[in-house]
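> Below is the file coords.pdb, with PDB, C-alpha atoms.
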ATOM      1  CA  MET A   1     -11.772  12.336  11.568  1.00  0.00           C
ATOM      2  CA  ARG A   2     -12.857   9.422   9.413  1.00  0.00           C
ATOM      3  CA  ILE A   3     -10.325   7.606   7.287  1.00  0.00           C
ATOM      4  CA  SER A   4     -11.460   5.559   4.297  1.00  0.00           C
ATOM      5  CA  ILE A   5     -10.495   1.943   3.674  1.00  0.00           C
ATOM      6  CA  CYS A   6      -8.325   3.090   0.771  1.00  0.00           C
ATOM      7  CA  SER A   7      -6.446   5.508   3.021  1.00  0.00           C
ATOM      8  CA  CYS A   8      -5.771   2.747   5.533  1.00  0.00           C
ATOM      9  CA  ALA A   9      -4.684   0.378   2.790  1.00  0.00           C
ATOM     10  CA  VAL A  10      -2.384   2.963   1.228  1.00  0.00           C
ATOM     11  CA  LEU A  11      -0.804   3.648   4.602  1.00  0.00           C
ATOM     12  CA  LEU A  12      -0.337  -0.062   5.223  1.00  0.00           C
ATOM     13  CA  ALA A  13       1.160  -0.592   1.770  1.00  0.00           C
ATOM     14  CA  ALA A  14       3.472   2.377   2.254  1.00  0.00           C
ATOM     15  CA  LEU A  15       4.721   1.053   5.574  1.00  0.00           C
ATOM     16  CA  VAL A  16       5.304  -2.418   4.144  1.00  0.00           C
ATOM     17  CA  SER A  17       7.122  -1.156   1.077  1.00  0.00           C
ATOM     18  CA  ILE A  18       9.256   1.316   3.043  1.00  0.00           C
ATOM     19  CA  SER A  19      10.257  -1.311   5.592  1.00  0.00           C
ATOM     20  CA  SER A  20      11.350  -3.760   2.891  1.00  0.00           C
ATOM     21  CA  CYS A  21      13.321  -1.430   0.587  1.00  0.00           C
ATOM     22  CA  ALA A  22      16.735  -2.561  -0.617  1.00  0.00           C
ATOM     23  CA  PRO A  23      19.240  -0.212  -2.283  1.00  0.00           C
ATOM     24  CA  ASP A  24      19.049  -1.110  -5.975  1.00  0.00           C
ATOM     25  CA  PRO A  25      18.193   1.946  -8.101  1.00  0.00           C
ATOM     26  CA  ALA A  26      18.171  -0.160 -11.294  1.00  0.00           C
ATOM     27  CA  GLU A  27      14.854  -1.706 -10.295  1.00  0.00           C
ATOM     28  CA  THR A  28      11.631   0.019 -11.240  1.00  0.00           C
ATOM     29  CA  PRO A  29       8.018  -0.882 -10.442  1.00  0.00           C
ATOM     30  CA  GLY A  30       6.466  -2.996 -13.139  1.00  0.00           C
ATOM     31  CA  ASP A  31       9.670  -4.753 -14.228  1.00  0.00           C
ATOM     32  CA  SER A  32       8.819  -8.444 -14.457  1.00  0.00           C
ATOM     33  CA  GLU A  33      12.328  -9.345 -13.285  1.00  0.00           C
ATOM     34  CA  SER A  34      12.001  -7.274 -10.097  1.00  0.00           C
ATOM     35  CA  MET A  35       8.555  -8.457  -8.991  1.00  0.00           C
ATOM     36  CA  ASP A  36      10.026 -10.695  -6.289  1.00  0.00           C
ATOM     37  CA  ARG A  37      12.273  -7.961  -4.859  1.00  0.00           C
ATOM     38  CA  PRO A  38      11.472  -4.639  -3.189  1.00  0.00           C
ATOM     39  CA  TRP A  39      11.910  -1.375  -5.085  1.00  0.00           C
ATOM     40  CA  VAL A  40      13.712   1.788  -4.139  1.00  0.00           C
ATOM     41  CA  ILE A  41      11.836   5.011  -4.754  1.00  0.00           C
ATOM     42  CA  GLN A  42      13.605   8.336  -4.334  1.00  0.00           C
ATOM     43  CA  LEU A  43      11.293  10.460  -2.194  1.00  0.00           C
ATOM     44  CA  PRO A  44      11.619  14.156  -1.265  1.00  0.00           C
ATOM     45  CA  ALA A  45      11.541  15.415   2.325  1.00  0.00           C
ATOM     46  CA  ASP A  46       8.082  17.012   2.011  1.00  0.00           C
ATOM     47  CA  PRO A  47       5.526  14.553   3.492  1.00  0.00           C
ATOM     48  CA  PHE A  48       2.791  15.414   0.993  1.00  0.00           C
ATOM     49  CA  GLU A  49       5.108  14.874  -1.974  1.00  0.00           C
ATOM     50  CA  ARG A  50       6.420  11.609  -0.477  1.00  0.00           C
ATOM     51  CA  GLY A  51       2.876  10.272  -0.253  1.00  0.00           C
ATOM     52  CA  ARG A  52       1.920  11.472  -3.720  1.00  0.00           C
ATOM     53  CA  ILE A  53       4.995  10.032  -5.418  1.00  0.00           C
ATOM     54  CA  HIS A  54       4.739   6.741  -3.532  1.00  0.00           C
ATOM     55  CA  GLY A  55       1.058   6.364  -4.390  1.00  0.00           C
ATOM     56  CA  GLU A  56       1.501   7.241  -8.049  1.00  0.00           C
ATOM     57  CA  THR A  57       4.559   5.032  -8.496  1.00  0.00           C
ATOM     58  CA  LEU A  58       3.085   1.958  -6.823  1.00  0.00           C
ATOM     59  CA  GLN A  59      -0.586   2.547  -7.648  1.00  0.00           C
ATOM     60  CA  GLU A  60      -1.151  -0.816  -9.335  1.00  0.00           C
ATOM     61  CA  GLU A  61       0.707  -2.773  -6.655  1.00  0.00           C
ATOM     62  CA  ILE A  62      -1.175  -0.992  -3.865  1.00  0.00           C
ATOM     63  CA  ARG A  63      -4.510  -1.684  -5.576  1.00  0.00           C
ATOM     64  CA  ASP A  64      -3.596  -5.385  -5.905  1.00  0.00           C
ATOM     65  CA  GLN A  65      -2.627  -5.629  -2.227  1.00  0.00           C
ATOM     66  CA  VAL A  66      -5.855  -3.939  -1.093  1.00  0.00           C
ATOM     67  CA  ALA A  67      -7.844  -6.464  -3.154  1.00  0.00           C
ATOM     68  CA  LEU A  68      -5.891  -9.388  -1.654  1.00  0.00           C
ATOM     69  CA  TRP A  69      -6.422  -8.009   1.840  1.00  0.00           C
ATOM     70  CA  GLY A  70     -10.174  -7.703   1.223  1.00  0.00           C
ATOM     71  CA  SER A  71     -10.324 -11.266  -0.084  1.00  0.00           C
ATOM     72  CA  ALA A  72      -8.398 -12.539   2.934  1.00  0.00           C
ATOM     73  CA  LEU A  73     -10.857 -10.828   5.299  1.00  0.00           C
ATOM     74  CA  THR A  74     -13.827 -12.244   3.442  1.00  0.00           C
ATOM     75  CA  GLN A  75     -12.461 -15.781   3.245  1.00  0.00           C
ATOM     76  CA  GLY A  76     -10.600 -15.968   6.551  1.00  0.00           C
ATOM     77  CA  LEU A  77     -12.872 -14.037   8.901  1.00  0.00           C
ATOM     78  CA  GLN A  78     -16.118 -14.279   6.944  1.00  0.00           C
ATOM     79  CA  VAL A  79     -16.500 -10.499   7.145  1.00  0.00           C
ATOM     80  CA  ASP A  80     -16.846  -7.790   4.514  1.00  0.00           C
ATOM     81  CA  ALA A  81     -13.713  -5.617   4.209  1.00  0.00           C
ATOM     82  CA  GLU A  82     -15.754  -2.376   4.290  1.00  0.00           C
ATOM     83  CA  SER A  83     -17.587  -3.483   7.446  1.00  0.00           C
ATOM     84  CA  PHE A  84     -14.345  -4.583   9.088  1.00  0.00           C
ATOM     85  CA  SER A  85     -12.666  -1.257   8.294  1.00  0.00           C
ATOM     86  CA  ALA A  86     -15.601   0.805   9.529  1.00  0.00           C
ATOM     87  CA  ASP A  87     -15.744  -1.179  12.773  1.00  0.00           C
ATOM     88  CA  PHE A  88     -11.966  -0.967  13.243  1.00  0.00           C
ATOM     89  CA  LEU A  89     -11.933   2.803  12.701  1.00  0.00           C
ATOM     90  CA  ALA A  90     -14.878   3.299  15.028  1.00  0.00           C
ATOM     91  CA  LYS A  91     -13.032   1.478  17.818  1.00  0.00           C
ATOM     92  CA  THR A  92      -9.648   3.161  17.435  1.00  0.00           C
TER      93      THR A  92
END
Take the structure in this file and express it as C-alpha coordinates.


Amino acid sequence: MRISICSCAVLLAALVSISSCAPDPAETPGDSESMDRPWVIQLPADPFERGRIHGETLQEEIRDQVALWGSALTQGLQVDAESFSADFLAKT
(Lines of atoms letter the chains of each structure in order from A and count residues from 1; the text may use other names and numbers.)
(Lines give C-alpha, C1' and ligand atoms only; values in the text may rest on other atoms or scores of the structure.)
Protein backbone atom coordinates (compact mmCIF):
# COMPACT_ATOMS: atom_id res chain seq x y z
CA MET A 1 0.00 0.00 0.00
CA ARG A 2 1.47 3.32 -1.05
CA ILE A 3 0.98 6.37 1.12
CA SER A 4 1.33 9.85 -0.37
CA ILE A 5 3.54 12.58 1.06
CA CYS A 6 0.41 14.47 2.11
CA SER A 7 -0.86 11.45 4.03
CA CYS A 8 2.44 11.13 5.87
CA ALA A 9 2.50 14.84 6.61
CA VAL A 10 -1.08 14.82 7.87
CA LEU A 11 -0.30 11.89 10.14
CA LEU A 12 2.80 13.63 11.45
CA ALA A 13 0.90 16.87 12.04
CA ALA A 14 -1.89 14.99 13.79
CA LEU A 15 0.55 13.24 16.11
CA VAL A 16 2.33 16.50 16.94
CA SER A 17 -0.87 18.41 17.59
CA ILE A 18 -2.42 15.61 19.67
CA SER A 19 0.70 15.23 21.79
CA SER A 20 0.84 18.95 22.56
CA CYS A 21 -2.84 19.64 23.37
CA ALA A 22 -3.65 21.64 26.48
CA PRO A 23 -7.17 21.86 27.96
CA ASP A 24 -8.38 25.33 26.96
CA PRO A 25 -11.65 25.14 25.00
CA ALA A 26 -11.70 28.93 24.52
CA GLU A 27 -8.92 28.68 21.95
CA THR A 28 -9.79 28.07 18.32
CA PRO A 29 -7.53 27.57 15.30
CA GLY A 30 -6.84 30.80 13.51
CA ASP A 31 -7.03 33.06 16.58
CA SER A 32 -3.99 35.32 16.41
CA GLU A 33 -3.74 35.30 20.21
CA SER A 34 -3.56 31.49 20.36
CA MET A 35 -0.97 30.93 17.63
CA ASP A 36 1.78 30.24 20.17
CA ARG A 37 -0.30 27.73 22.15
CA PRO A 38 -1.77 24.35 21.22
CA TRP A 39 -5.48 23.99 20.50
CA VAL A 40 -8.02 21.57 21.86
CA ILE A 41 -10.30 19.96 19.31
CA GLN A 42 -13.23 17.86 20.46
CA LEU A 43 -13.04 14.64 18.45
CA PRO A 44 -15.55 11.76 18.31
CA ALA A 45 -14.59 8.13 18.96
CA ASP A 46 -14.94 7.07 15.30
CA PRO A 47 -11.42 7.05 13.75
CA PHE A 48 -12.59 8.24 10.34
CA GLU A 49 -14.47 11.19 11.83
CA ARG A 50 -11.51 12.06 14.09
CA GLY A 51 -9.25 12.28 11.06
CA ARG A 52 -11.75 14.24 9.00
CA ILE A 53 -12.48 16.79 11.72
CA HIS A 54 -8.80 17.19 12.61
CA GLY A 55 -7.83 17.70 8.97
CA GLU A 56 -10.61 20.16 8.24
CA THR A 57 -10.07 22.15 11.43
CA LEU A 58 -6.30 22.46 11.07
CA GLN A 59 -6.06 22.37 7.27
CA GLU A 60 -4.15 25.64 6.92
CA GLU A 61 -1.75 24.85 9.77
CA ILE A 62 -1.08 21.36 8.40
CA ARG A 63 -0.42 22.78 4.92
CA ASP A 64 2.03 25.32 6.40
CA GLN A 65 3.89 22.62 8.34
CA VAL A 66 4.17 20.37 5.28
CA ALA A 67 5.67 23.29 3.33
CA LEU A 68 8.16 24.02 6.13
CA TRP A 69 9.12 20.35 6.30
CA GLY A 70 9.71 20.26 2.54
CA SER A 71 11.85 23.39 2.72
CA ALA A 72 13.87 21.93 5.59
CA LEU A 73 14.56 18.76 3.58
CA THR A 74 15.60 20.76 0.54
CA GLN A 75 17.85 23.15 2.45
CA GLY A 76 19.19 20.81 5.13
CA LEU A 77 19.63 17.55 3.25
CA GLN A 78 19.78 18.90 -0.30
CA VAL A 79 17.04 16.47 -1.32
CA ASP A 80 13.61 16.95 -2.87
CA ALA A 81 10.76 16.25 -0.40
CA GLU A 82 8.89 14.06 -2.92
CA SER A 83 12.02 11.98 -3.60
CA PHE A 84 12.76 11.67 0.11
CA SER A 85 9.20 10.53 0.85
CA ALA A 86 9.15 8.01 -1.98
CA ASP A 87 12.49 6.56 -0.87
CA PHE A 88 11.41 6.47 2.79
CA LEU A 89 8.15 4.69 1.96
CA ALA A 90 9.92 2.21 -0.29
CA LYS A 91 12.27 1.25 2.54
CA THR A 92 9.69 0.94 5.32

> What separation in Å, quoted to one decimal, exists between CA of Glu60 (chain A) and CA of Glu82 (chain A)?

20.0 Å

> Between CA of Leu58 (chain A) and CA of Trp39 (chain A), what is the spacing in Å?

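Straight-line distance from CA of Trp39 (chain A) to CA of Leu58 (chain A) works out to 9.6 Å.
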
> Evaluated on this file, the PyMOL selection byres ((chain A and resi 43) around 12) picks out some residues - which ones are they, written as a PDB file with C-alpha atoms, in the coordinates of the input?


ATOM      1  CA  ILE A  18       9.256   1.316   3.043  1.00  0.00           C
ATOM      2  CA  VAL A  40      13.712   1.788  -4.139  1.00  0.00           C
ATOM      3  CA  ILE A  41      11.836   5.011  -4.754  1.00  0.00           C
ATOM      4  CA  GLN A  42      13.605   8.336  -4.334  1.00  0.00           C
ATOM      5  CA  PRO A  44      11.619  14.156  -1.265  1.00  0.00           C
ATOM      6  CA  ALA A  45      11.541  15.415   2.325  1.00  0.00           C
ATOM      7  CA  ASP A  46       8.082  17.012   2.011  1.00  0.00           C
ATOM      8  CA  PRO A  47       5.526  14.553   3.492  1.00  0.00           C
ATOM      9  CA  PHE A  48       2.791  15.414   0.993  1.00  0.00           C
ATOM     10  CA  GLU A  49       5.108  14.874  -1.974  1.00  0.00           C
ATOM     11  CA  ARG A  50       6.420  11.609  -0.477  1.00  0.00           C
ATOM     12  CA  GLY A  51       2.876  10.272  -0.253  1.00  0.00           C
ATOM     13  CA  ARG A  52       1.920  11.472  -3.720  1.00  0.00           C
ATOM     14  CA  ILE A  53       4.995  10.032  -5.418  1.00  0.00           C
ATOM     15  CA  HIS A  54       4.739   6.741  -3.532  1.00  0.00           C
ATOM     16  CA  GLY A  55       1.058   6.364  -4.390  1.00  0.00           C
ATOM     17  CA  GLU A  56       1.501   7.241  -8.049  1.00  0.00           C
ATOM     18  CA  THR A  57       4.559   5.032  -8.496  1.00  0.00           C
TER      19      THR A  57
END

> Can you report as AutoDock Vina command-line options the centre and edge lengths in Å, to one decimal, of an axis-aligned box around the listed atoms of region 73-84 of chain A padded with 3 Å on each side?


--center_x -14.1 --center_y -9.2 --center_z 6.2 --size_x 13.0 --size_y 19.6 --size_z 11.8

> Between CA of Phe84 (chain A) and CA of Gly70 (chain A), what is the spacing in Å?

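Computing the Euclidean distance for CA of Gly70 (chain A) and CA of Phe84 (chain A) yields 9.4 Å.
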